[in-house]
Every structure is written in structure tokens, then in C-alpha cells.
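Enquirer: Sharing a structure, written as C-alpha cells. Questions coming.
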Amino acid sequence: MVSEYYYHIFNRGVDHRPTFTSKKEYERAMLSAFYYRNIKPPVKYSNYLKFSSERRSEFLKDFEKRNEKLVEFVSYSFMPNHFHFLLKQVVDNGIVKFMSNFQNSYTKYFNIRNERTGPLFTGNFKSVLVESDSQLIHLTRYIHVNTYASGVVNSLEDLITYPWSSLPEYLGLSKDKFCEKGAALGKFKNVEKYKEFVFDNADYQKKLKLIKYLALE
């Protein structure tokens, strides 16, 4: 993988098994992903959680000041048995290091919580190089619509408030600032135009279920 390029990253549970089964597990996955996007976190995420809220806040502020990242998130979606990330690799081998840290950390947490052993995700995550601005913005739409297309949510109203996706952040409905949205939103006049772009394709994507040149399932 080449630094300063964008990649669509996908992985699912072994044997298509559920990987996120509760609000607590979704939260743990999402926040640990954003924690491990940083280069060389000085402590494991599980130890970071033992800090006081004040110390955690200062800890993260220091991370942001240093701005030393393996990857940058453009968009993401966590679903019951898989996830999609659209990432920019910032440093050499950044995506591989990030994915290893994230998946190992979350698998250990999930296994302890659910009294199981062994791998949780399939061994090798899949990746596709983003080759154009057009592909990038269509990928953000594909990722954001995926929960609706797959039947995880049943309406477009539920789609825009789905908490385990970056769509609420894109639409200004969340206080989260996890994503570097400029690469996608910069192609639209305003956020409302991006929302129209996402919604215009939602029912088609649901009917089709698979957009071959974007999908990795």
C-alpha cells in the first residue's frame, strides 16, 4: 500500500459470525479504532480506559497536538458481522499496523466478554485502492448507505441517525470529529447536496445489494 493514497478496507467475522452484538461492543470497536489510528500509543486501549476522565481527555489532546497518525479516517460503518473503513494511509505500512492493532485489541476484548477463544475476524482484511476523486465520493456513499441496503436499518430516517457510521458526522448531526471529510464534502456545494447524493442512490443500492467495483463482500 502506498502512503498518501486512499483505500477501502473491509473485514467480516469468521464464518460470517456476529462481531458486534451490543451497544457496548460497537462503542468499544469504534473508539478503539480511532485510538489506534495514532502512531505508537504509549498504553493499550484497555489501560487507557482505566484513566480518570480528566486524564483521558488530556491524553487525547496530546495525541491531537502531535498529529502523528498511521491512517486518517474518511468514512466508516460498523455493522453486525463486518465493518467498512475508507482510510488514507499516512505513513508507510500504516494501514497494516493500524488494522493489526485494532483487530487484535477488539478481538481480545470480545473474547473475554463473550467467553470465547480464537480469531474473530477473517485472517486477511480486504483492501481496494481508490483511484479517483469520483470513486472516493461514491465509496463514502456506498459505506454510508450499506446499513440501509443490508437491512440493518429499515428507513432513511434511521440511516441518518445510525450511531456506528460516519454519516451523522458528515451531516452535522454528531459532535464527533473523527473523519477527514474534506476530500468528499469538498466536492459538494453544501452538506445538503451531499445528503441528496447519498439518498438518491439508497434504494438502488438496496435493490442491487452489491456494487461490484466498490464492494468487497
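Going through the C-alpha cells in order, the chains are called A, B, and so on, while each chain numbers its residues from 1 and the ligands are numbered from 1 in the order shown.
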Any idea what's packed within 9 Å of region 175-177 of chain A, counting only C-alpha atoms, ignoring anything in its chain fewer than 5 positions away? Could you give it as a PyMOL selection string?
Expert: chain A and resi 166+168-169
Enquirer: Take the residues from that selection and write them out as a short mmCIF file (atom, residue, chain, number, x, y, z; two decimals), in the first residue's frame, keeping C-alpha atoms.
Expert:
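out_25.cif written:
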data_model
loop_
_atom_site.label_atom_id
_atom_site.label_comp_id
_atom_site.auth_asym_id
_atom_site.auth_seq_id
_atom_site.Cartn_x
_atom_site.Cartn_y
_atom_site.Cartn_z
CA SER A 166 -19.77 8.40 9.96
CA PRO A 168 -24.24 11.60 11.18
CA GLU A 169 -20.85 13.32 11.42
#
Enquirer: Identify, on the basis of only C-alpha atoms, every residue whose closest approach to Ile9 (chain A) does not exceed 7 Å; exclude the query and any residue fewer than 2 positions from it along the same chain; express the result as a list in words.
Expert: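 Near Ile9 (chain A), the qualifying residues are Tyr7, His84, Phe85, Leu86, Phe125, Lys126, Ser127 and Val128 of chain A.
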Enquirer: Give me a file of those residues, with C-alpha atoms, as a CSV table (one decimal), in the first residue's frame.
Expert:
chain,number,residue,atom,x,y,z
A,7,TYR,CA,-8.1,2.6,0.5
A,84,HIS,CA,-16.1,-0.8,6.2
A,85,PHE,CA,-13.3,1.8,6.6
A,86,LEU,CA,-12.3,4.4,4.0
A,125,PHE,CA,-8.7,-7.9,5.6
A,126,LYS,CA,-9.5,-6.9,2.0
A,127,SER,CA,-8.5,-3.6,0.5
A,128,VAL,CA,-9.1,-1.7,-2.7
Enquirer: Assign secondary structure with DSSP using the backbone only, and return the residues of chain A in helix (DSSP H, G or I) as a ChimeraX atom specification.
Expert: /A:14-16,23-35,45-48,53-66,94-114,133-149,156-160,167-170,182-185,191-208
Enquirer: Find the nearest atom pair between each residue of region 176-197 of chain A and region 133-137 of chain A for residues within 12 Å, count only C-alpha atoms, give distances in Å to one decimal, sort rows by chain and ascending number, and present the table as CSV.
Expert:
residue,atom,partner,partner_atom,distance
A:Lys181,CA,A:Ile137,CA,10.2
A:Gly182,CA,A:Ile137,CA,10.5
A:Ala183,CA,A:Asp133,CA,8.0
A:Ala184,CA,A:Ile137,CA,5.2
A:Leu185,CA,A:Ile137,CA,8.1
A:Gly186,CA,A:Ile137,CA,9.8
A:Lys187,CA,A:Ile137,CA,8.1
A:Phe188,CA,A:Ile137,CA,9.8
A:Tyr194,CA,A:Ile137,CA,9.4
A:Lys195,CA,A:Ile137,CA,11.9
A:Phe197,CA,A:Ile137,CA,9.5
Enquirer: List every residue of region 119-145 of chain A that has an atom at most 9 Å from any atom of region 94-111 of chain A, giving for each one its closest atom pair and the distance in Å to one decimal, counting only C-alpha atoms, sorted by chain and then by ascending residue number, as a tab-separated table.
Expert:
residue	atom	partner	partner_atom	distance
A:Pro119	CA	A:Thr107	CA	7.0
A:Leu120	CA	A:Thr107	CA	5.8
A:Phe121	CA	A:Gln103	CA	7.5
A:Phe125	CA	A:Met99	CA	8.2
Enquirer: Could you go through region 56-118 of chain A and tell me which residues DSSP, when run on the backbone, assigns to strand (DSSP E or B), listing them as a PDB file with C-alpha atoms, in the first residue's frame?
Expert:
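To be explicit, this is the file written out as out.pdb:
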ATOM      1  CA  LYS A  69      -1.140   9.126  12.697  1.00  0.00           C
ATOM      2  CA  VAL A  71      -4.056   6.467   8.995  1.00  0.00           C
ATOM      3  CA  GLU A  72      -6.769   9.067   8.589  1.00  0.00           C
ATOM      4  CA  PHE A  73     -10.424   8.076   8.513  1.00  0.00           C
ATOM      5  CA  VAL A  74     -12.533   9.408   5.653  1.00  0.00           C
ATOM      6  CA  SER A  75     -15.662   7.363   6.393  1.00  0.00           C
ATOM      7  CA  TYR A  76     -16.649   4.196   8.222  1.00  0.00           C
ATOM      8  CA  SER A  77     -19.504   1.890   9.138  1.00  0.00           C
ATOM      9  CA  PHE A  78     -19.699  -0.872  11.733  1.00  0.00           C
ATOM     10  CA  MET A  79     -22.373  -3.495  11.101  1.00  0.00           C
ATOM     11  CA  HIS A  82     -18.479  -6.736   9.414  1.00  0.00           C
ATOM     12  CA  PHE A  83     -17.091  -3.240   9.009  1.00  0.00           C
ATOM     13  CA  HIS A  84     -16.073  -0.840   6.236  1.00  0.00           C
ATOM     14  CA  PHE A  85     -13.342   1.798   6.552  1.00  0.00           C
ATOM     15  CA  LEU A  86     -12.271   4.355   3.967  1.00  0.00           C
ATOM     16  CA  LEU A  87      -8.742   5.257   5.034  1.00  0.00           C
ATOM     17  CA  LYS A  88      -5.863   7.387   3.904  1.00  0.00           C
ATOM     18  CA  GLN A  89      -2.507   5.790   4.660  1.00  0.00           C
TER      19      GLN A  89
END
Enquirer: Using only C-alpha atoms, which protein or nucleic acid residues come within 12 Å of Val153 (chain A)? Drop anything in the same chain fewer than 4 positions from it, and give the result as a list of chain:residue names.
Expert: A:Met79, A:Pro80, A:His144, A:Val145, A:Asn146, A:Thr147, A:Tyr148, A:Ala149, A:Glu157, A:Asp158, A:Leu159, A:Ile160, A:Thr161, A:Tyr162, A:Pro163, A:Trp164, A:Ser165, A:Ala202, A:Lys206
Enquirer: Would you export the selected residues with N, CA and C atoms as an mmCIF file, in the first residue's frame, please?
Expert:
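Output saved as again.cif:
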data_model
loop_
_atom_site.group_PDB
_atom_site.id
_atom_site.type_symbol
_atom_site.label_atom_id
_atom_site.label_comp_id
_atom_site.auth_asym_id
_atom_site.auth_seq_id
_atom_site.Cartn_x
_atom_site.Cartn_y
_atom_site.Cartn_z
ATOM 1 N N MET A 79 -21.116 -2.769 11.241
ATOM 2 C CA MET A 79 -22.373 -3.495 11.101
ATOM 3 C C MET A 79 -22.283 -4.802 11.884
ATOM 4 N N PRO A 80 -23.403 -5.533 12.037
ATOM 5 C CA PRO A 80 -23.403 -6.670 12.967
ATOM 6 C C PRO A 80 -22.302 -7.692 12.765
ATOM 7 N N HIS A 144 -21.887 4.620 3.642
ATOM 8 C CA HIS A 144 -22.943 5.220 4.452
ATOM 9 C C HIS A 144 -24.300 4.577 4.219
ATOM 10 N N VAL A 145 -24.557 4.096 3.018
ATOM 11 C CA VAL A 145 -25.856 3.504 2.695
ATOM 12 C C VAL A 145 -25.909 2.021 3.055
ATOM 13 N N ASN A 146 -24.775 1.420 3.326
ATOM 14 C CA ASN A 146 -24.694 -0.029 3.474
ATOM 15 C C ASN A 146 -25.626 -0.579 4.553
ATOM 16 N N THR A 147 -25.793 0.141 5.640
ATOM 17 C CA THR A 147 -26.677 -0.349 6.710
ATOM 18 C C THR A 147 -28.128 -0.428 6.236
ATOM 19 N N TYR A 148 -28.530 0.514 5.394
ATOM 20 C CA TYR A 148 -29.879 0.501 4.836
ATOM 21 C C TYR A 148 -30.007 -0.564 3.761
ATOM 22 N N ALA A 149 -29.034 -0.641 2.881
ATOM 23 C CA ALA A 149 -29.075 -1.620 1.787
ATOM 24 C C ALA A 149 -29.093 -3.044 2.316
ATOM 25 N N GLU A 157 -34.623 7.627 7.476
ATOM 26 C CA GLU A 157 -34.594 8.397 8.724
ATOM 27 C C GLU A 157 -33.689 7.709 9.755
ATOM 28 N N ASP A 158 -33.808 6.380 9.815
ATOM 29 C CA ASP A 158 -32.939 5.635 10.733
ATOM 30 C C ASP A 158 -31.488 5.649 10.258
ATOM 31 N N LEU A 159 -31.304 5.699 8.949
ATOM 32 C CA LEU A 159 -29.951 5.692 8.390
ATOM 33 C C LEU A 159 -29.152 6.904 8.866
ATOM 34 N N ILE A 160 -29.762 8.072 8.864
ATOM 35 C CA ILE A 160 -29.010 9.289 9.190
ATOM 36 C C ILE A 160 -28.706 9.409 10.678
ATOM 37 N N THR A 161 -29.359 8.583 11.498
ATOM 38 C CA THR A 161 -29.067 8.625 12.930
ATOM 39 C C THR A 161 -28.365 7.356 13.410
ATOM 40 N N TYR A 162 -27.995 6.475 12.468
ATOM 41 C CA TYR A 162 -27.306 5.245 12.847
ATOM 42 C C TYR A 162 -25.977 5.618 13.507
ATOM 43 N N PRO A 163 -25.769 5.262 14.771
ATOM 44 C CA PRO A 163 -24.629 5.812 15.515
ATOM 45 C C PRO A 163 -23.280 5.192 15.207
ATOM 46 N N TRP A 164 -23.254 4.070 14.475
ATOM 47 C CA TRP A 164 -21.985 3.378 14.255
ATOM 48 C C TRP A 164 -21.475 3.603 12.831
ATOM 49 N N SER A 165 -21.844 4.725 12.274
ATOM 50 C CA SER A 165 -21.443 5.133 10.931
ATOM 51 C C SER A 165 -21.009 6.586 10.982
ATOM 52 N N ALA A 202 -29.830 5.356 -2.463
ATOM 53 C CA ALA A 202 -30.066 4.398 -1.383
ATOM 54 C C ALA A 202 -30.945 3.226 -1.812
ATOM 55 N N LYS A 206 -29.926 -0.725 -2.288
ATOM 56 C CA LYS A 206 -30.627 -1.765 -1.540
ATOM 57 C C LYS A 206 -31.130 -2.847 -2.478
#
Enquirer: Taking only C-alpha atoms into account, name the residue in A:Ser32, A:Asn81, A:Asn93, A:Asn11 that is nearest to Phe178 (chain A).
Expert: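 Of all the options, A:Ser32 lies closest to Phe178 (chain A).
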Enquirer: Between A:Arg141, A:Ala29, A:Val130, A:Arg37, which one has atoms that come closest to Asn67 (chain A), using only C-alpha atoms?
Expert: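 Closest candidate: A:Arg37.
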